[in-house]
file start_8.tsv (TSV, C-alpha atoms)
chain	number	residue	atom	x	y	z
A	1	MET	CA	101.89	102.52	34.98
A	2	VAL	CA	102.30	105.51	37.30
A	3	SER	CA	98.81	106.70	36.41
A	4	ILE	CA	97.33	103.29	37.32
A	5	ALA	CA	99.16	103.40	40.65
A	6	LEU	CA	97.90	106.94	41.22
A	7	VAL	CA	94.30	105.95	40.46
A	8	ALA	CA	94.68	102.92	42.77
A	9	VAL	CA	95.83	105.20	45.59
A	10	LEU	CA	93.08	107.75	44.92
A	11	VAL	CA	90.29	105.16	45.01
A	12	SER	CA	91.57	103.59	48.24
A	13	SER	CA	89.80	104.58	51.41
A	14	CYS	CA	88.67	103.19	54.72
A	15	ILE	CA	85.95	103.74	57.26
A	16	THR	CA	85.34	102.62	60.85
A	17	THR	CA	81.75	102.21	62.05
A	18	PRO	CA	80.76	101.57	65.67
A	19	VAL	CA	78.50	98.54	66.10
A	20	THR	CA	77.74	98.17	69.78
A	21	VAL	CA	78.91	98.47	73.37
A	22	THR	CA	77.88	95.79	75.82
A	23	SER	CA	78.72	94.86	79.40
A	24	SER	CA	79.74	91.29	78.57
A	25	THR	CA	79.54	88.63	75.91
A	26	THR	CA	77.76	86.18	78.20
A	27	PRO	CA	75.35	86.69	81.16
A	28	MET	CA	77.51	87.44	84.23
A	29	GLN	CA	74.79	87.53	86.91
A	30	GLU	CA	75.85	85.48	89.95
A	31	LYS	CA	79.14	84.64	88.27
A	32	LYS	CA	82.23	85.53	90.27
A	33	ILE	CA	85.16	86.81	88.25
A	34	ILE	CA	88.30	85.09	89.51
A	35	MET	CA	90.82	86.44	87.01
A	36	ASN	CA	90.97	89.50	84.78
A	37	TYR	CA	93.53	89.05	82.01
A	38	GLY	CA	93.29	92.65	80.86
A	39	PRO	CA	92.36	94.24	77.53
A	40	VAL	CA	92.31	92.06	74.43
A	41	GLN	CA	91.30	92.57	70.83
A	42	GLY	CA	90.03	90.06	68.31
A	43	THR	CA	89.19	90.42	64.63
A	44	ASN	CA	87.59	88.50	61.81
A	45	ARG	CA	87.71	89.46	58.15
A	46	ALA	CA	85.76	89.02	54.94
A	47	TRP	CA	86.34	90.57	51.53
A	48	SER	CA	84.25	91.69	48.62
A	49	LEU	CA	84.75	92.13	44.92
A	50	PHE	CA	84.47	95.80	43.85
A	51	GLY	CA	82.90	96.42	47.28
A	52	LEU	CA	79.70	94.94	45.83
A	53	TRP	CA	79.73	91.20	46.37
A	54	MET	CA	80.83	90.05	49.77
A	55	ILE	CA	82.49	86.66	49.93
A	56	GLY	CA	81.76	85.14	53.34
A	57	ARG	CA	80.94	87.43	56.24
A	58	PRO	CA	82.84	88.93	59.16
A	59	ASP	CA	81.93	86.62	62.06
A	60	ILE	CA	81.63	88.24	65.49
A	61	ALA	CA	81.78	84.88	67.30
A	62	LYS	CA	85.12	84.12	65.63
A	63	ALA	CA	86.38	87.60	66.57
A	64	ILE	CA	85.48	86.90	70.22
A	65	GLN	CA	87.26	83.54	70.05
A	66	ASP	CA	90.27	85.28	68.49
A	67	ALA	CA	90.33	87.78	71.39
A	68	LEU	CA	90.00	85.07	74.05
A	69	LYS	CA	92.75	83.00	72.40
A	70	LYS	CA	95.31	85.74	73.02
A	71	LYS	CA	95.27	85.75	76.82
A	72	GLY	CA	92.82	82.98	77.67
A	73	GLY	CA	89.60	83.42	79.65
A	74	ASP	CA	85.97	82.42	79.48
A	75	ALA	CA	84.30	85.65	78.38
A	76	LEU	CA	84.82	89.31	77.58
A	77	ILE	CA	83.54	92.16	79.72
A	78	ASN	CA	83.23	95.88	78.92
A	79	VAL	CA	83.01	95.03	75.26
A	80	THR	CA	83.25	97.43	72.35
A	81	CYS	CA	82.57	96.24	68.84
A	82	TYR	CA	83.14	98.08	65.59
A	83	GLU	CA	83.45	97.40	61.88
A	84	LYS	CA	86.29	98.54	59.67
A	85	THR	CA	86.02	98.63	55.89
A	86	ALA	CA	88.87	99.35	53.51
A	87	TRP	CA	88.36	99.83	49.78
A	88	TYR	CA	91.21	99.20	47.40
A	89	PHE	CA	91.35	99.19	43.62
A	90	LEU	CA	89.20	96.12	42.90
A	91	PHE	CA	88.53	94.69	46.32
A	92	SER	CA	87.37	95.77	49.72
A	93	PHE	CA	88.02	94.17	53.08
A	94	HIS	CA	85.62	94.15	56.01
A	95	TRP	CA	86.80	93.53	59.55
A	96	VAL	CA	84.79	93.12	62.69
A	97	VAL	CA	86.84	94.15	65.71
A	98	VAL	CA	85.93	93.16	69.26
A	99	GLU	CA	87.70	94.80	72.19
A	100	GLY	CA	87.22	94.06	75.87
A	101	GLU	CA	88.71	92.59	79.00
A	102	ALA	CA	89.18	88.83	79.06
A	103	VAL	CA	88.00	87.26	82.30
A	104	SER	CA	87.67	83.85	83.85
A	105	TYR	CA	84.75	83.18	86.15
A	106	GLU	CA	84.19	80.67	88.88
A	107	LYS	CA	82.31	77.59	87.77
A	108	LYS	CA	79.62	76.85	90.33
A	109	ASP	CA	79.58	73.48	91.98
A	110	GLN	CA	77.10	71.40	90.04
A	111	ALA	CA	76.06	69.54	93.20
A	112	THR	CA	74.58	72.71	94.70
A	113	GLY	CA	72.63	73.29	91.54
A	114	LYS	CA	73.15	77.06	91.80
A	115	GLY	CA	74.00	78.58	88.46
A	116	LYS	CA	74.23	75.12	87.09
A	117	LYS	CA	75.13	74.80	83.44
A	118	THR	CA	74.84	71.41	81.90
A	119	ASP	CA	75.92	71.10	78.34
A	120	THR	CA	73.78	68.53	76.62
A	121	THR	CA	75.55	69.00	73.31
A	122	GLY	CA	78.71	67.41	74.64
A	123	LYS	CA	80.83	70.47	73.87
B	1	MET	CA	123.74	91.95	46.30
B	2	LYS	CA	121.92	95.11	45.26
B	3	GLN	CA	121.91	93.99	41.63
B	4	GLU	CA	120.51	90.60	42.62
B	5	ILE	CA	117.61	92.26	44.45
B	6	ILE	CA	116.94	94.53	41.46
B	7	ALA	CA	117.02	91.49	39.16
B	8	LEU	CA	114.59	89.67	41.47
B	9	TYR	CA	112.16	92.61	41.41
B	10	LYS	CA	112.48	92.89	37.63
B	11	GLY	CA	111.71	89.19	37.28
B	12	LEU	CA	108.66	89.52	39.51
B	13	TRP	CA	107.47	92.55	37.56
B	14	ARG	CA	107.81	90.69	34.23
B	15	ARG	CA	105.87	87.76	35.68
B	16	LEU	CA	103.13	90.08	36.89
B	17	GLN	CA	102.92	91.66	33.43
B	18	ALA	CA	102.61	88.21	31.83
B	19	GLU	CA	99.84	87.20	34.23
B	20	LYS	CA	98.02	90.54	34.00
B	21	THR	CA	95.79	89.47	31.12
B	22	ARG	CA	94.85	86.26	32.87
B	23	THR	CA	94.04	88.09	36.13
B	24	ILE	CA	91.83	90.60	34.32
B	25	ALA	CA	90.08	87.76	32.48
B	26	VAL	CA	89.36	85.94	35.76
B	27	ILE	CA	87.92	89.12	37.33
B	28	VAL	CA	85.75	89.79	34.27
B	29	ILE	CA	84.46	86.18	34.28
B	30	ILE	CA	83.61	86.33	38.02
B	31	THR	CA	81.85	89.67	37.56
B	32	CYS	CA	79.84	88.41	34.58
B	33	ALA	CA	78.89	85.25	36.47
B	34	LEU	CA	77.66	87.30	39.44
B	35	MET	CA	75.77	89.72	37.19
B	36	ALA	CA	74.19	86.82	35.30
B	37	THR	CA	72.62	85.54	38.52
B	38	GLY	CA	70.89	88.89	38.86
B	39	CYS	CA	72.61	89.72	42.13
B	40	LEU	CA	73.80	93.31	41.93
B	41	TYR	CA	74.96	93.71	45.52
B	42	ASN	CA	75.43	91.48	48.52
B	43	ARG	CA	76.60	92.72	51.89
B	44	THR	CA	76.44	91.56	55.49
B	45	ARG	CA	76.50	94.06	58.36
B	46	ILE	CA	76.82	93.20	62.04
B	47	THR	CA	74.19	95.00	64.07
B	48	ASP	CA	74.39	93.80	67.66
B	49	LEU	CA	76.13	91.71	70.29
B	50	SER	CA	74.46	91.10	73.64
B	51	PRO	CA	74.67	88.71	76.61
B	52	GLN	CA	71.05	87.60	76.28
B	53	ALA	CA	68.04	88.23	74.03
B	54	ARG	CA	65.48	88.44	76.86
B	55	ILE	CA	65.60	88.83	80.64
B	56	ILE	CA	66.85	85.62	82.25
B	57	GLU	CA	63.91	84.52	84.40
B	58	ASN	CA	65.64	81.65	86.15
B	59	ARG	CA	69.34	81.51	87.04
B	60	GLN	CA	69.30	77.75	86.81
B	61	TYR	CA	69.31	76.61	83.24
B	62	ARG	CA	70.58	73.98	80.87
B	63	VAL	CA	72.57	74.85	77.76
B	64	LEU	CA	71.01	73.18	74.73
B	65	GLY	CA	73.41	74.35	72.03
B	66	VAL	CA	74.02	76.95	69.36
B	67	SER	CA	71.11	77.93	67.15
B	68	GLU	CA	70.34	80.49	64.48
B	69	GLY	CA	67.07	82.15	63.61
B	70	THR	CA	66.18	84.42	60.73
B	71	SER	CA	63.55	86.90	59.67
B	72	SER	CA	63.45	88.25	56.14
B	73	CYS	CA	61.61	90.72	53.96
B	74	PHE	CA	61.38	91.48	50.25
B	75	ASN	CA	60.92	94.82	48.50
B	76	LEU	CA	59.76	94.58	44.89
B	77	LEU	CA	61.73	96.92	42.65
B	78	TRP	CA	63.84	97.77	45.75
B	79	PHE	CA	61.26	99.98	47.48
B	80	ILE	CA	57.78	98.39	47.31
B	81	PRO	CA	57.37	96.24	50.45
B	82	VAL	CA	55.78	92.90	49.60
B	83	THR	CA	56.31	91.08	52.86
B	84	PRO	CA	56.31	92.32	56.50
B	85	ARG	CA	59.50	93.99	57.73
B	86	THR	CA	62.25	91.98	59.39
B	87	ASN	CA	61.40	91.32	63.01
B	88	TYR	CA	63.98	90.74	65.77
B	89	GLU	CA	61.44	88.95	67.99
B	90	LYS	CA	60.54	86.56	65.18
B	91	ALA	CA	64.21	85.74	64.54
B	92	VAL	CA	64.80	85.11	68.27
B	93	ASN	CA	61.69	82.91	68.48
B	94	ASP	CA	62.90	81.03	65.41
B	95	ALA	CA	66.29	80.36	67.03
B	96	VAL	CA	64.78	79.35	70.39
B	97	ALA	CA	62.10	77.15	68.83
B	98	GLY	CA	64.76	75.36	66.76
B	99	MET	CA	65.99	73.71	69.97
B	100	ARG	CA	62.81	73.97	72.04
B	101	GLY	CA	64.45	76.22	74.58
B	102	ASP	CA	63.32	79.24	76.61
B	103	ASN	CA	65.88	81.94	75.95
B	104	ILE	CA	69.03	82.64	74.00
B	105	ILE	CA	72.34	83.90	75.41
B	106	GLU	CA	75.61	85.09	73.82
B	107	VAL	CA	73.60	86.64	71.02
B	108	SER	CA	75.07	88.06	67.84
B	109	THR	CA	72.88	89.73	65.22
B	110	TRP	CA	73.62	90.65	61.64
B	111	ILE	CA	71.70	91.79	58.56
B	112	GLU	CA	72.32	90.39	55.11
B	113	ARG	CA	71.22	92.68	52.29
B	114	GLN	CA	70.94	91.38	48.74
B	115	VAL	CA	70.05	93.67	45.85
B	116	TRP	CA	68.67	91.71	42.89
B	117	LEU	CA	67.42	92.88	39.50
B	118	VAL	CA	63.83	92.45	40.66
B	119	GLY	CA	64.12	93.79	44.18
B	120	LEU	CA	65.77	93.90	47.56
B	121	VAL	CA	66.03	91.07	50.08
B	122	GLU	CA	66.91	91.73	53.71
B	123	ILE	CA	67.60	88.86	56.08
B	124	LEU	CA	68.04	89.41	59.80
B	125	HIS	CA	70.08	86.66	61.46
B	126	VAL	CA	70.17	86.00	65.21
B	127	ARG	CA	72.66	83.44	66.46
B	128	GLY	CA	73.38	82.38	70.02
B	129	THR	CA	73.31	79.65	72.63
B	130	VAL	CA	69.85	78.36	73.46
B	131	ILE	CA	69.07	77.67	77.11
B	132	GLN	CA	66.21	75.93	78.90
B	133	TYR	CA	65.22	76.89	82.45
B	134	GLU	CA	65.28	74.21	85.11
B	135	LYS	CA	61.77	73.53	86.40
call {"tool": "encode", "arguments": {"input": "start_8.tsv", "output": "structure tokens"}}
result
Amino acid sequence: MVSIALVAVLVSSCITTPVTVTSSTTPMQEKKIIMNYGPVQGTNRAWSLFGLWMIGRPDIAKAIQDALKKKGGDALINVTCYEKTAWYFLFSFHWVVVEGEAVSYEKKDQATGKGKKTDTTGK
Amino acid sequence: MKQEIIALYKGLWRRLQAEKTRTIAVIVIITCALMATGCLYNRTRITDLSPQARIIENRQYRVLGVSEGTSSCFNLLWFIPVTPRTNYEKAVNDAVAGMRGDNIIEVSTWIERQVWLVGLVEILHVRGTVIQYEK
């Protein structure tokens, strides 16, 4: 039993890979930031069998939503994104991690038409 | 109290031992099922996150909704290219055309790589919010 545990420990490892750095998650031109909630982090995870067959996928949009849920806000600015992978005995886990500053921006008056955003999907 | 905790751990250990065979059997069945399909490897890797796919030409726009576009390629026997390479522009056009918009914002991009017995499939996904400029 000890040998199995030893092998399990020996074959465990992890790696962090940078994905991208971007100024914001949404276009911020002509948008006035009215509140900066500070740094937040969001993650989303998927796993794979033997590190070969991934079940699902790490979703970056869900990671952003996870980050925004923590302190509120409309978007992230100064964003860093990286992937973390951890291999264990039979499984491996894959995380996408999004870090940035959560901000709220001023919604333009729709009557002026400037920067108007009309959601036709009803969301 | 200490003895109760030890007894609890012993009970859990015995239960794990009893279920060990079943767990191994389930893993073997899943592995065989995946191998039988011919899929040797399947992995998704996130490649990019950006505010917009192209320069925003007009600040006044309508949001049409979320759309996804893809571009794929196939390599016979894993290294002989049969189809053109994956193309980011094609995937963006695919996403934009899906909603008849002009540009795509809040863009996330990822590559799905599938290794099959006969070859390699790569699929580039582009997902974001499609916008249409106000005339």
call {"tool": "residues_around", "arguments": {"input": "start_8.tsv", "residues": "region 119-131 of chain B", "least_positions_apart": "4", "cutoff": "9 Å", "atoms": "all atoms listed in the file", "output": "PyMOL selection string"}}
result
chain B and resi 52-53+61-80+85-88+91-92+94-96+98-115
call {"tool": "closest_residue", "arguments": {"input": "start_8.tsv", "among": "A:Ser23, A:Ser12, A:Gln29, A:Ser48", "to": "His94 (chain A)", "atoms": "only C-alpha atoms"}}
result
A:Ser48
call {"tool": "closest_residue", "arguments": {"input": "start_8.tsv", "among": "A:Ile34, A:Val21, A:Ala46, A:Val7", "to": "Val103 (chain A)", "atoms": "all atoms listed in the file"}}
result
A:Ile34
call {"tool": "closest_residue", "arguments": {"input": "start_8.tsv", "among": "B:Gly38, B:Gly11, B:Pro81, B:Pro51", "to": "chain A", "atoms": "all atoms listed in the file"}}
result
B:Pro51
call {"tool": "residues_around", "arguments": {"input": "start_8.tsv", "residues": "Ile64 (chain A)", "least_positions_apart": "2", "cutoff": "8 Å", "atoms": "only C-alpha atoms", "output": "PyMOL selection string"}}
result
chain A and resi 42-43+60-62+66-68+76+98
call {"tool": "axis_aligned_box", "arguments": {"input": "start_8.tsv", "around": "region 74-83 of chain B", "padding_each_side": "8 Å", "output": "JSON"}}
result
{"center_x": 59.8, "center_y": 95.5, "center_z": 47.8, "size_x": 24.1, "size_y": 24.9, "size_z": 26.2}
call {"tool": "closest_atom_pairs", "arguments": {"input": "start_8.tsv", "of": "region 5-115 of chain B", "to": "region 89-93 of chain A", "cutoff": "12 Å", "atoms": "only C-alpha atoms", "output": "Markdown table"}}
result
| residue | atom | partner | partner_atom | distance |
| --- | --- | --- | --- | --- |
| B:Thr23 | CA | A:Leu90 | CA | 11.6 |
| B:Ile24 | CA | A:Leu90 | CA | 10.5 |
| B:Ile27 | CA | A:Leu90 | CA | 9.0 |
| B:Val28 | CA | A:Leu90 | CA | 11.2 |
| B:Thr31 | CA | A:Leu90 | CA | 11.1 |
| B:Arg43 | CA | A:Ser92 | CA | 11.4 |
call {"tool": "closest_residue", "arguments": {"input": "start_8.tsv", "among": "A:Val96, A:Ile33, A:Val2, A:Ile77", "to": "Arg45 (chain B)", "atoms": "all atoms listed in the file"}}
result
A:Val96
call {"tool": "closest_residue", "arguments": {"input": "start_8.tsv", "among": "A:Trp95, A:Trp53, A:Tyr88, A:Tyr82", "to": "chain B", "atoms": "all atoms listed in the file"}}
result
A:Trp53
call {"tool": "atom_distance", "arguments": {"input": "start_8.tsv", "atom1": "CA of Asn78 (chain A)", "atom2": "CA of Thr20 (chain A)"}}
result
10.9 Å
call {"tool": "atom_distance", "arguments": {"input": "start_8.tsv", "atom1": "CA of Thr44 (chain B)", "atom2": "CA of Cys14 (chain A)"}}
result
16.9 Å
call {"tool": "closest_residue", "arguments": {"input": "start_8.tsv", "among": "B:Glu89, B:Val118, B:Leu40, B:Thr47", "to": "Phe50 (chain A)", "atoms": "all atoms listed in the file"}}
result
B:Leu40
call {"tool": "atom_distance", "arguments": {"input": "start_8.tsv", "atom1": "CA of Trp116 (chain B)", "atom2": "CA of Arg22 (chain B)"}}
result
28.6 Å
call {"tool": "decode", "arguments": {"input": "start_8.tsv", "residues": "region 7-37 of chain A", "atoms": "C-alpha atoms", "output": "mmCIF file, in the first residue's frame"}}
result
data_model
loop_
_atom_site.group_PDB
_atom_site.id
_atom_site.type_symbol
_atom_site.label_atom_id
_atom_site.label_comp_id
_atom_site.auth_asym_id
_atom_site.auth_seq_id
_atom_site.Cartn_x
_atom_site.Cartn_y
_atom_site.Cartn_z
ATOM 1 C CA VAL A 7 4.044 5.971 -6.881
ATOM 2 C CA ALA A 8 0.949 8.213 -6.675
ATOM 3 C CA VAL A 9 3.039 10.996 -5.152
ATOM 4 C CA LEU A 10 5.859 10.525 -7.663
ATOM 5 C CA VAL A 11 3.566 10.740 -10.690
ATOM 6 C CA SER A 12 1.805 13.863 -9.391
ATOM 7 C CA SER A 13 2.895 17.146 -10.874
ATOM 8 C CA CYS A 14 1.547 20.490 -11.943
ATOM 9 C CA ILE A 15 2.316 23.202 -14.445
ATOM 10 C CA THR A 16 1.187 26.798 -14.966
ATOM 11 C CA THR A 17 1.101 28.198 -18.503
ATOM 12 C CA PRO A 18 0.489 31.857 -19.344
ATOM 13 C CA VAL A 19 -2.315 32.371 -21.866
ATOM 14 C CA THR A 20 -2.686 36.087 -22.452
ATOM 15 C CA VAL A 21 -2.584 39.602 -21.053
ATOM 16 C CA THR A 22 -5.192 42.072 -22.211
ATOM 17 C CA SER A 23 -6.282 45.578 -21.262
ATOM 18 C CA SER A 24 -9.915 44.635 -20.659
ATOM 19 C CA THR A 25 -12.490 41.947 -21.278
ATOM 20 C CA THR A 26 -14.801 44.299 -23.161
ATOM 21 C CA PRO A 27 -14.115 47.403 -25.335
ATOM 22 C CA MET A 28 -13.652 50.355 -22.943
ATOM 23 C CA GLN A 29 -13.351 53.192 -25.479
ATOM 24 C CA GLU A 30 -15.561 56.128 -24.459
ATOM 25 C CA LYS A 31 -16.686 54.248 -21.379
ATOM 26 C CA LYS A 32 -16.155 56.072 -18.101
ATOM 27 C CA ILE A 33 -15.130 53.903 -15.174
ATOM 28 C CA ILE A 34 -17.182 54.951 -12.156
ATOM 29 C CA MET A 35 -16.029 52.329 -9.667
ATOM 30 C CA ASN A 36 -12.950 50.149 -9.330
ATOM 31 C CA TYR A 37 -13.591 47.224 -6.992
#
